[in-house]
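Visitor: Before I ask anything, here is the structure I am working with.
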Amino acid sequence: MNSHIHLIISSQENELQDSIRDLKKHTSKEFIKAIKELPESRKEWLLAKFNYAAKRVKKGVSYKVSKDGYIIL
């Protein structure tokens with residue numbers, strides 16, 4: 001499992017932070033869905049880790065997959 005991603009992204013309709021927020025929200029939901037539905041040997045461990053991360057930031061979500069923020073180079 002990779003721990004990060006590199007993107008070249010632009011949008012004429014949205015601010016960069018809005019596009020990144022939407023991308024992270026969508027990929028997080030799909031990632032959790034895939035972990036739950038597919039035969040993943042680390043399912044319980046992964047969900048527990050993401051649940052622990054969500055509880056630490058107290059944003060009212062069950063799982064937190066990615067860190068807040070982003071870096072522009």
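Ordered as shown in the structure tokens, chains take letters A, B, and onward, while each chain numbers its residues from 1 and ligands are numbered from 1 in the order shown.
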So that I can see what lies close to range 19-21 of chain A, please list as an MDAnalysis selection string the residues with an atom at most 9 Å from it, counting only C-alpha atoms and leaving out residues fewer than 3 positions away in the same chain.
Guide: chainID A and resid 9:11 14:16 24:26 69:70
Visitor: Considering only C-alpha atoms, state which residue in the set A:Gly60, A:Leu73, A:Glu13, A:Val65 is at the smallest distance from Phe31 in chain A.
Guide: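 Of the candidates, the smallest distance to Phe31 in chain A is held by A:Val65.
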